Amino acid sequence: MRNLDVTVLRSFVAVAQTGGVTRAAGFLNLTQSAVSMQLKRLEELLGLELLDRTARRIALTAAGEQLLGYARRMVELNDEAFSKLTASEYAGEIRLGVPHDIVYPVIPLVLQRFAAEMPRMRVRLVTSYTAKLREDFSRGETDLILTTERSLGDGGTTLAEIALRWVGAPGGQVWRHRPLRLAQAVQCGFRPGVIERLNRADVDWTSVVETDSDRTVEATVSADLAVTALLEGTVPGQLTELPMGCGLPDLGTYMVNLYSNDQPGNEPVRLLSDLVRQAYETL
């Protein structure tokens, strides 16, 4: 009888979710060679090619896509059984605040790992703008938050520093027009800095939306009616980063900061904070 190793399946799922062996290895606290060897063993056991390694970003073959559903269920069932039999009896709810644009790719992986570690704890995910998240945290309405800021506030930890990029429609031309048509949500923390950089560079511009909806901004930009600014690596599939040297000013970088109420004895919040830190380290 041939058996599928849960450890190997866990590595396969991690590679599929993160899109690469290096990121998966960091997330699993394994070496890159160890993960590569596990994937090779899995392919040899099944006699199938599971990964398409011809592209820059690893993709799944048809067989790999078929296996992924089974692998996820097997890993989740393994973790659920282990946790129910061995985990400390923590139960309750944690409130995690995250800006809309940095939910992916880190937060789903973090939530998955946290649920495996503490299955009786529920994480309430709150998405909003940084200013609102900071207000909620100061009032004790959230247990930990991520923010995107130019600087680090008191009690916070910087997890990453990411470039802000100009974004438009694939093949779009509106970025060439003047006045520049800008679509940036009213409450977006990037808006003041974007406007400042445009004014400093003497770029004539006009705002074409008055909204707090990210979806409204995305629809406007994808129709090539305006450009917007987003953090590098967070651009939705229907939009694209504009090339460097497109005639628009450099937008600088923003910090991804973590603020956490992980007081001594608050083990669930401490664990969730640690998982967020580890996830950003792998990126």
# chains A, B, ... in the order shown; residues from 1 in each chain; ligands from 1
$ select_by_dssp --residues "segment 15-135 of chain A" --states "helix (DSSP H, G or I)" --output "mmCIF file with N, CA and C atoms, in the first residue's frame"
data_model
loop_
_atom_site.group_PDB
_atom_site.id
_atom_site.type_symbol
_atom_site.label_atom_id
_atom_site.label_comp_id
_atom_site.auth_asym_id
_atom_site.auth_seq_id
_atom_site.Cartn_x
_atom_site.Cartn_y
_atom_site.Cartn_z
ATOM 1 N N VAL A 15 3.835 25.573 -1.469
ATOM 2 C CA VAL A 15 4.390 26.037 -2.749
ATOM 3 C C VAL A 15 3.270 26.540 -3.652
ATOM 4 N N ALA A 16 2.147 25.822 -3.676
ATOM 5 C CA ALA A 16 1.016 26.238 -4.510
ATOM 6 C C ALA A 16 0.454 27.576 -4.045
ATOM 7 N N GLN A 17 0.397 27.788 -2.728
ATOM 8 C CA GLN A 17 -0.183 29.020 -2.192
ATOM 9 C C GLN A 17 0.733 30.217 -2.347
ATOM 10 N N THR A 18 2.023 30.015 -2.178
ATOM 11 C CA THR A 18 2.966 31.132 -2.214
ATOM 12 C C THR A 18 3.551 31.361 -3.598
ATOM 13 N N VAL A 21 9.170 27.958 -4.347
ATOM 14 C CA VAL A 21 9.798 27.090 -3.359
ATOM 15 C C VAL A 21 10.450 27.915 -2.251
ATOM 16 N N THR A 22 11.082 29.024 -2.617
ATOM 17 C CA THR A 22 11.791 29.841 -1.630
ATOM 18 C C THR A 22 10.835 30.391 -0.588
ATOM 19 N N ARG A 23 9.718 30.971 -1.036
ATOM 20 C CA ARG A 23 8.745 31.513 -0.089
ATOM 21 C C ARG A 23 8.133 30.413 0.761
ATOM 22 N N ALA A 24 7.819 29.291 0.151
ATOM 23 C CA ALA A 24 7.241 28.176 0.895
ATOM 24 C C ALA A 24 8.206 27.677 1.954
ATOM 25 N N ALA A 25 9.484 27.598 1.611
ATOM 26 C CA ALA A 25 10.487 27.133 2.567
ATOM 27 C C ALA A 25 10.561 28.059 3.773
ATOM 28 N N GLY A 26 10.541 29.371 3.517
ATOM 29 C CA GLY A 26 10.572 30.316 4.624
ATOM 30 C C GLY A 26 9.342 30.207 5.497
ATOM 31 N N PHE A 27 8.192 30.025 4.887
ATOM 32 C CA PHE A 27 6.941 29.906 5.637
ATOM 33 C C PHE A 27 6.916 28.644 6.485
ATOM 34 N N LEU A 28 7.548 27.570 5.995
ATOM 35 C CA LEU A 28 7.547 26.284 6.704
ATOM 36 C C LEU A 28 8.750 26.123 7.630
ATOM 37 N N GLN A 32 15.338 25.512 1.352
ATOM 38 C CA GLN A 32 14.800 25.405 0.001
ATOM 39 C C GLN A 32 15.059 24.025 -0.588
ATOM 40 N N SER A 33 16.229 23.472 -0.306
ATOM 41 C CA SER A 33 16.554 22.146 -0.846
ATOM 42 C C SER A 33 15.666 21.071 -0.247
ATOM 43 N N ALA A 34 15.307 21.230 1.043
ATOM 44 C CA ALA A 34 14.433 20.244 1.687
ATOM 45 C C ALA A 34 13.061 20.225 1.031
ATOM 46 N N VAL A 35 12.514 21.415 0.760
ATOM 47 C CA VAL A 35 11.207 21.488 0.105
ATOM 48 C C VAL A 35 11.284 20.915 -1.313
ATOM 49 N N SER A 36 12.349 21.234 -2.035
ATOM 50 C CA SER A 36 12.510 20.715 -3.391
ATOM 51 C C SER A 36 12.578 19.190 -3.396
ATOM 52 N N MET A 37 13.294 18.623 -2.438
ATOM 53 C CA MET A 37 13.399 17.164 -2.336
ATOM 54 C C MET A 37 12.047 16.537 -2.024
ATOM 55 N N GLN A 38 11.261 17.180 -1.163
ATOM 56 C CA GLN A 38 9.939 16.650 -0.832
ATOM 57 C C GLN A 38 9.033 16.646 -2.058
ATOM 58 N N LEU A 39 9.091 17.708 -2.845
ATOM 59 C CA LEU A 39 8.279 17.765 -4.057
ATOM 60 C C LEU A 39 8.700 16.691 -5.054
ATOM 61 N N LYS A 40 10.004 16.481 -5.171
ATOM 62 C CA LYS A 40 10.511 15.438 -6.070
ATOM 63 C C LYS A 40 10.032 14.065 -5.627
ATOM 64 N N ARG A 41 10.086 13.801 -4.317
ATOM 65 C CA ARG A 41 9.603 12.511 -3.773
ATOM 66 C C ARG A 41 8.127 12.312 -4.083
ATOM 67 N N LEU A 42 7.351 13.370 -3.938
ATOM 68 C CA LEU A 42 5.917 13.272 -4.192
ATOM 69 C C LEU A 42 5.650 12.957 -5.659
ATOM 70 N N GLU A 43 6.351 13.619 -6.567
ATOM 71 C CA GLU A 43 6.164 13.360 -7.994
ATOM 72 C C GLU A 43 6.601 11.945 -8.365
ATOM 73 N N GLU A 44 7.695 11.475 -7.753
ATOM 74 C CA GLU A 44 8.156 10.117 -8.035
ATOM 75 C C GLU A 44 7.170 9.077 -7.509
ATOM 76 N N LEU A 45 6.590 9.348 -6.334
ATOM 77 C CA LEU A 45 5.621 8.408 -5.763
ATOM 78 C C LEU A 45 4.392 8.279 -6.654
ATOM 79 N N LEU A 46 3.913 9.396 -7.157
ATOM 80 C CA LEU A 46 2.702 9.385 -7.968
ATOM 81 C C LEU A 46 2.984 9.092 -9.445
ATOM 82 N N ALA A 62 -2.050 20.157 -14.632
ATOM 83 C CA ALA A 62 -3.424 19.675 -14.443
ATOM 84 C C ALA A 62 -3.482 18.656 -13.312
ATOM 85 N N ALA A 63 -2.487 17.764 -13.253
ATOM 86 C CA ALA A 63 -2.442 16.776 -12.160
ATOM 87 C C ALA A 63 -2.217 17.461 -10.822
ATOM 88 N N GLY A 64 -1.373 18.506 -10.804
ATOM 89 C CA GLY A 64 -1.126 19.234 -9.574
ATOM 90 C C GLY A 64 -2.372 19.924 -9.055
ATOM 91 N N GLU A 65 -3.152 20.524 -9.950
ATOM 92 C CA GLU A 65 -4.395 21.177 -9.549
ATOM 93 C C GLU A 65 -5.373 20.165 -8.964
ATOM 94 N N GLN A 66 -5.390 18.971 -9.542
ATOM 95 C CA GLN A 66 -6.282 17.925 -9.039
ATOM 96 C C GLN A 66 -5.854 17.466 -7.652
ATOM 97 N N LEU A 67 -4.548 17.331 -7.447
ATOM 98 C CA LEU A 67 -4.043 16.883 -6.154
ATOM 99 C C LEU A 67 -4.228 17.940 -5.074
ATOM 100 N N LEU A 68 -4.180 19.227 -5.435
ATOM 101 C CA LEU A 68 -4.185 20.299 -4.445
ATOM 102 C C LEU A 68 -5.405 20.239 -3.532
ATOM 103 N N GLY A 69 -6.582 19.973 -4.104
ATOM 104 C CA GLY A 69 -7.789 19.891 -3.279
ATOM 105 C C GLY A 69 -7.694 18.790 -2.238
ATOM 106 N N TYR A 70 -7.219 17.608 -2.658
ATOM 107 C CA TYR A 70 -7.044 16.502 -1.713
ATOM 108 C C TYR A 70 -5.988 16.855 -0.656
ATOM 109 N N ALA A 71 -4.876 17.447 -1.104
ATOM 110 C CA ALA A 71 -3.777 17.753 -0.185
ATOM 111 C C ALA A 71 -4.217 18.726 0.895
ATOM 112 N N ARG A 72 -4.959 19.753 0.516
ATOM 113 C CA ARG A 72 -5.442 20.722 1.501
ATOM 114 C C ARG A 72 -6.314 20.048 2.546
ATOM 115 N N ARG A 73 -7.230 19.205 2.088
ATOM 116 C CA ARG A 73 -8.137 18.541 3.040
ATOM 117 C C ARG A 73 -7.374 17.613 3.972
ATOM 118 N N MET A 74 -6.377 16.902 3.443
ATOM 119 C CA MET A 74 -5.609 15.976 4.275
ATOM 120 C C MET A 74 -4.773 16.713 5.313
ATOM 121 N N VAL A 75 -4.158 17.831 4.901
ATOM 122 C CA VAL A 75 -3.365 18.625 5.851
ATOM 123 C C VAL A 75 -4.269 19.240 6.910
ATOM 124 N N GLU A 76 -5.409 19.786 6.494
ATOM 125 C CA GLU A 76 -6.328 20.399 7.446
ATOM 126 C C GLU A 76 -6.877 19.375 8.435
ATOM 127 N N LEU A 77 -7.198 18.177 7.948
ATOM 128 C CA LEU A 77 -7.721 17.139 8.827
ATOM 129 C C LEU A 77 -6.656 16.678 9.814
ATOM 130 N N ASN A 78 -5.418 16.549 9.333
ATOM 131 C CA ASN A 78 -4.305 16.194 10.207
ATOM 132 C C ASN A 78 -4.137 17.231 11.323
ATOM 133 N N ASP A 79 -4.147 18.519 10.950
ATOM 134 C CA ASP A 79 -3.946 19.586 11.927
ATOM 135 C C ASP A 79 -5.116 19.673 12.901
ATOM 136 N N GLU A 80 -6.321 19.460 12.391
ATOM 137 C CA GLU A 80 -7.495 19.509 13.265
ATOM 138 C C GLU A 80 -7.447 18.403 14.307
ATOM 139 N N ALA A 81 -7.121 17.188 13.873
ATOM 140 C CA ALA A 81 -7.044 16.067 14.806
ATOM 141 C C ALA A 81 -5.959 16.291 15.854
ATOM 142 N N PHE A 82 -4.789 16.734 15.401
ATOM 143 C CA PHE A 82 -3.673 16.958 16.323
ATOM 144 C C PHE A 82 -4.010 18.056 17.330
ATOM 145 N N SER A 83 -4.607 19.149 16.848
ATOM 146 C CA SER A 83 -4.904 20.269 17.724
ATOM 147 C C SER A 83 -5.963 19.915 18.759
ATOM 148 N N LYS A 84 -7.004 19.222 18.340
ATOM 149 C CA LYS A 84 -8.075 18.877 19.273
ATOM 150 C C LYS A 84 -7.578 17.952 20.381
ATOM 151 N N LEU A 85 -6.579 17.123 20.067
ATOM 152 C CA LEU A 85 -6.084 16.175 21.055
ATOM 153 C C LEU A 85 -4.982 16.749 21.941
ATOM 154 N N THR A 86 -4.275 17.761 21.461
ATOM 155 C CA THR A 86 -3.091 18.224 22.193
ATOM 156 C C THR A 86 -3.086 19.700 22.538
ATOM 157 N N HIS A 100 -7.253 47.108 3.323
ATOM 158 C CA HIS A 100 -7.786 46.293 2.229
ATOM 159 C C HIS A 100 -6.682 45.768 1.304
ATOM 160 N N ASP A 101 -5.716 46.636 0.987
ATOM 161 C CA ASP A 101 -4.780 46.308 -0.081
ATOM 162 C C ASP A 101 -3.660 45.369 0.330
ATOM 163 N N ILE A 102 -3.511 45.058 1.616
ATOM 164 C CA ILE A 102 -2.447 44.121 2.007
ATOM 165 C C ILE A 102 -3.005 42.850 2.670
ATOM 166 N N VAL A 106 -0.474 37.541 2.487
ATOM 167 C CA VAL A 106 -0.028 37.060 3.803
ATOM 168 C C VAL A 106 -1.166 36.561 4.689
ATOM 169 N N ILE A 107 -2.239 37.346 4.791
ATOM 170 C CA ILE A 107 -3.244 37.089 5.825
ATOM 171 C C ILE A 107 -3.928 35.726 5.690
ATOM 172 N N PRO A 108 -4.339 35.263 4.488
ATOM 173 C CA PRO A 108 -4.952 33.932 4.423
ATOM 174 C C PRO A 108 -4.043 32.820 4.963
ATOM 175 N N LEU A 109 -2.742 32.894 4.676
ATOM 176 C CA LEU A 109 -1.806 31.888 5.174
ATOM 177 C C LEU A 109 -1.704 31.953 6.694
ATOM 178 N N VAL A 110 -1.680 33.168 7.235
ATOM 179 C CA VAL A 110 -1.595 33.349 8.688
ATOM 180 C C VAL A 110 -2.841 32.790 9.362
ATOM 181 N N LEU A 111 -4.002 33.097 8.837
ATOM 182 C CA LEU A 111 -5.249 32.616 9.430
ATOM 183 C C LEU A 111 -5.319 31.091 9.400
ATOM 184 N N GLN A 112 -4.832 30.516 8.324
ATOM 185 C CA GLN A 112 -4.835 29.061 8.203
ATOM 186 C C GLN A 112 -3.958 28.415 9.274
ATOM 187 N N ARG A 113 -2.764 28.959 9.474
ATOM 188 C CA ARG A 113 -1.851 28.407 10.478
ATOM 189 C C ARG A 113 -2.381 28.632 11.884
ATOM 190 N N PHE A 114 -2.955 29.803 12.136
ATOM 191 C CA PHE A 114 -3.491 30.089 13.468
ATOM 192 C C PHE A 114 -4.641 29.141 13.812
ATOM 193 N N ALA A 115 -5.516 28.879 12.838
ATOM 194 C CA ALA A 115 -6.638 27.970 13.070
ATOM 195 C C ALA A 115 -6.154 26.563 13.399
ATOM 196 N N ALA A 116 -5.037 26.162 12.785
ATOM 197 C CA ALA A 116 -4.476 24.838 13.080
ATOM 198 C C ALA A 116 -3.903 24.789 14.492
ATOM 199 N N GLU A 117 -3.313 25.906 14.946
ATOM 200 C CA GLU A 117 -2.698 25.953 16.275
ATOM 201 C C GLU A 117 -3.736 26.098 17.380
ATOM 202 N N THR A 130 -5.942 52.767 7.093
ATOM 203 C CA THR A 130 -4.997 52.826 8.213
ATOM 204 C C THR A 130 -5.460 53.779 9.315
ATOM 205 N N ALA A 131 -5.921 54.968 8.955
ATOM 206 C CA ALA A 131 -6.343 55.936 9.971
ATOM 207 C C ALA A 131 -7.450 55.373 10.849
ATOM 208 N N LYS A 132 -8.424 54.717 10.238
ATOM 209 C CA LYS A 132 -9.536 54.120 11.004
ATOM 210 C C LYS A 132 -9.033 52.971 11.867
ATOM 211 N N LEU A 133 -8.121 52.162 11.343
ATOM 212 C CA LEU A 133 -7.578 51.047 12.114
ATOM 213 C C LEU A 133 -6.806 51.545 13.325
ATOM 214 N N ARG A 134 -6.040 52.622 13.162
ATOM 215 C CA ARG A 134 -5.296 53.185 14.296
ATOM 216 C C ARG A 134 -6.260 53.692 15.368
ATOM 217 N N GLU A 135 -7.341 54.324 14.953
ATOM 218 C CA GLU A 135 -8.345 54.802 15.913
ATOM 219 C C GLU A 135 -8.975 53.638 16.667
#
$ closest_atom_pairs --of "segment 54-170 of chain A" --to "segment 216-233 of chain A" --cutoff "7 Å" --atoms "only C-alpha atoms" --output "Markdown table"
| residue | atom | partner | partner_atom | distance |
| --- | --- | --- | --- | --- |
| A:Ile162 | CA | A:Glu232 | CA | 6.4 |
| A:Ala163 | CA | A:Glu232 | CA | 5.6 |
| A:Leu164 | CA | A:Leu231 | CA | 4.4 |
| A:Arg165 | CA | A:Ala229 | CA | 5.5 |
| A:Trp166 | CA | A:Ala229 | CA | 4.7 |
| A:Val167 | CA | A:Thr228 | CA | 5.3 |
| A:Gly168 | CA | A:Val227 | CA | 4.9 |
| A:Ala169 | CA | A:Ser222 | CA | 4.6 |
$ write_last_selection --atoms "N, CA and C atoms" --output "compact mmCIF listing (two decimals), in the first residue's frame"
# COMPACT_ATOMS: atom_id res chain seq x y z
N ILE A 162 7.68 48.85 1.40
CA ILE A 162 7.25 48.49 0.05
C ILE A 162 7.05 49.76 -0.78
N ALA A 163 7.48 49.70 -2.02
CA ALA A 163 7.35 50.85 -2.92
C ALA A 163 5.90 51.06 -3.32
N LEU A 164 5.51 52.33 -3.41
CA LEU A 164 4.20 52.71 -3.95
C LEU A 164 4.37 52.92 -5.45
N ARG A 165 3.49 52.32 -6.25
CA ARG A 165 3.63 52.35 -7.70
C ARG A 165 2.40 52.96 -8.37
N TRP A 166 2.64 53.56 -9.52
CA TRP A 166 1.53 54.01 -10.36
C TRP A 166 0.92 52.79 -11.05
N VAL A 167 -0.40 52.78 -11.13
CA VAL A 167 -1.13 51.62 -11.65
C VAL A 167 -2.18 52.10 -12.65
N GLY A 168 -2.31 51.34 -13.73
CA GLY A 168 -3.31 51.68 -14.74
C GLY A 168 -3.90 50.43 -15.36
N ALA A 169 -4.67 50.62 -16.44
CA ALA A 169 -5.25 49.49 -17.16
C ALA A 169 -4.20 48.87 -18.07
$ closest_residue --among "A:Thr240, A:Val256, A:Asn199, A:Ile145" --to "Ser273 of chain A" --atoms "only C-alpha atoms"
A:Ile145
$ closest_residue --among "A:Pro268, A:Gly140, A:Gly193, A:Gly171" --to "Thr253 of chain A" --atoms "only C-alpha atoms"
A:Gly193
$ select_by_dssp --residues "segment 41-187 of chain A" --states "strand (DSSP E)" --output "PyMOL selection string"
chain A and resi 51-52+59-60+92-99+121-128+144-149+157-168+180-182
$ atom_distance --atom1 "atom CA of Val6 of chain A" --atom2 "atom CA of Ala59 of chain A"
20.9 Å
$ atom_distance --atom1 "atom CA of Glu196 of chain A" --atom2 "atom CA of Leu251 of chain A"
9.4 Å
$ closest_residue --among "A:Ser128, A:Asp274, A:Leu242, A:Thr54" --to "Asp212 of chain A" --atoms "only C-alpha atoms"
A:Ser128
$ atom_distance --atom1 "atom CA of Val276 of chain A" --atom2 "atom CA of Gln263 of chain A"
16.5 Å
$ decode --residues "segment 132-197 of chain A" --atoms "C-alpha atoms" --output "mmCIF file, in the first residue's frame"
data_model
loop_
_atom_site.group_PDB
_atom_site.id
_atom_site.type_symbol
_atom_site.label_atom_id
_atom_site.label_comp_id
_atom_site.auth_asym_id
_atom_site.auth_seq_id
_atom_site.Cartn_x
_atom_site.Cartn_y
_atom_site.Cartn_z
ATOM 1 C CA LYS A 132 -9.536 54.120 11.004
ATOM 2 C CA LEU A 133 -7.578 51.047 12.114
ATOM 3 C CA ARG A 134 -5.296 53.185 14.296
ATOM 4 C CA GLU A 135 -8.345 54.802 15.913
ATOM 5 C CA ASP A 136 -9.980 51.428 16.586
ATOM 6 C CA PHE A 137 -6.767 50.054 18.101
ATOM 7 C CA SER A 138 -6.319 53.066 20.391
ATOM 8 C CA ARG A 139 -9.868 52.508 21.712
ATOM 9 C CA GLY A 140 -9.191 48.805 22.334
ATOM 10 C CA GLU A 141 -11.614 47.698 19.623
ATOM 11 C CA THR A 142 -8.988 45.529 17.936
ATOM 12 C CA ASP A 143 -6.269 43.306 19.401
ATOM 13 C CA LEU A 144 -3.706 43.809 16.660
ATOM 14 C CA ILE A 145 -3.564 45.751 13.411
ATOM 15 C CA LEU A 146 -1.427 46.116 10.314
ATOM 16 C CA THR A 147 -0.984 49.582 8.826
ATOM 17 C CA THR A 148 0.627 51.212 5.795
ATOM 18 C CA GLU A 149 2.408 54.392 6.892
ATOM 19 C CA ARG A 150 5.276 56.684 6.005
ATOM 20 C CA SER A 151 6.700 56.308 9.527
ATOM 21 C CA LEU A 152 6.449 54.069 12.581
ATOM 22 C CA GLY A 153 4.227 55.038 15.497
ATOM 23 C CA ASP A 154 4.794 54.383 19.191
ATOM 24 C CA GLY A 155 4.648 50.715 20.138
ATOM 25 C CA GLY A 156 4.743 49.458 16.576
ATOM 26 C CA THR A 157 7.061 47.150 14.636
ATOM 27 C CA THR A 158 7.957 47.610 10.975
ATOM 28 C CA LEU A 159 7.540 44.340 9.065
ATOM 29 C CA ALA A 160 8.339 45.522 5.543
ATOM 30 C CA GLU A 161 8.987 48.594 3.428
ATOM 31 C CA ILE A 162 7.250 48.492 0.054
ATOM 32 C CA ALA A 163 7.354 50.845 -2.922
ATOM 33 C CA LEU A 164 4.201 52.706 -3.952
ATOM 34 C CA ARG A 165 3.634 52.353 -7.705
ATOM 35 C CA TRP A 166 1.531 54.006 -10.365
ATOM 36 C CA VAL A 167 -1.132 51.618 -11.653
ATOM 37 C CA GLY A 168 -3.315 51.677 -14.741
ATOM 38 C CA ALA A 169 -5.249 49.488 -17.164
ATOM 39 C CA PRO A 170 -3.244 46.909 -19.158
ATOM 40 C CA GLY A 171 -2.395 48.574 -22.461
ATOM 41 C CA GLY A 172 -4.042 51.790 -21.262
ATOM 42 C CA GLN A 173 -3.043 55.273 -22.414
ATOM 43 C CA VAL A 174 -4.784 57.589 -19.957
ATOM 44 C CA TRP A 175 -1.549 58.089 -17.997
ATOM 45 C CA ARG A 176 -0.179 60.013 -20.975
ATOM 46 C CA HIS A 177 -2.948 62.636 -20.841
ATOM 47 C CA ARG A 178 -2.855 65.971 -19.003
ATOM 48 C CA PRO A 179 -4.359 66.859 -16.720
ATOM 49 C CA LEU A 180 -3.622 63.441 -15.258
ATOM 50 C CA ARG A 181 -6.865 61.707 -14.305
ATOM 51 C CA LEU A 182 -6.431 60.368 -10.741
ATOM 52 C CA ALA A 183 -8.650 57.843 -8.960
ATOM 53 C CA GLN A 184 -7.718 57.556 -5.279
ATOM 54 C CA ALA A 185 -10.260 56.844 -2.535
ATOM 55 C CA VAL A 186 -10.992 59.851 -0.312
ATOM 56 C CA GLN A 187 -9.909 58.093 2.898
ATOM 57 C CA CYS A 188 -6.923 56.322 1.310
ATOM 58 C CA GLY A 189 -3.736 56.993 3.266
ATOM 59 C CA PHE A 190 -1.755 57.196 0.021
ATOM 60 C CA ARG A 191 -3.818 60.095 -1.373
ATOM 61 C CA PRO A 192 -2.084 63.054 0.378
ATOM 62 C CA GLY A 193 1.396 61.777 -0.551
ATOM 63 C CA VAL A 194 0.392 61.110 -4.159
ATOM 64 C CA ILE A 195 -1.033 64.612 -4.543
ATOM 65 C CA GLU A 196 2.057 66.117 -2.906
ATOM 66 C CA ARG A 197 4.393 64.316 -5.324
#
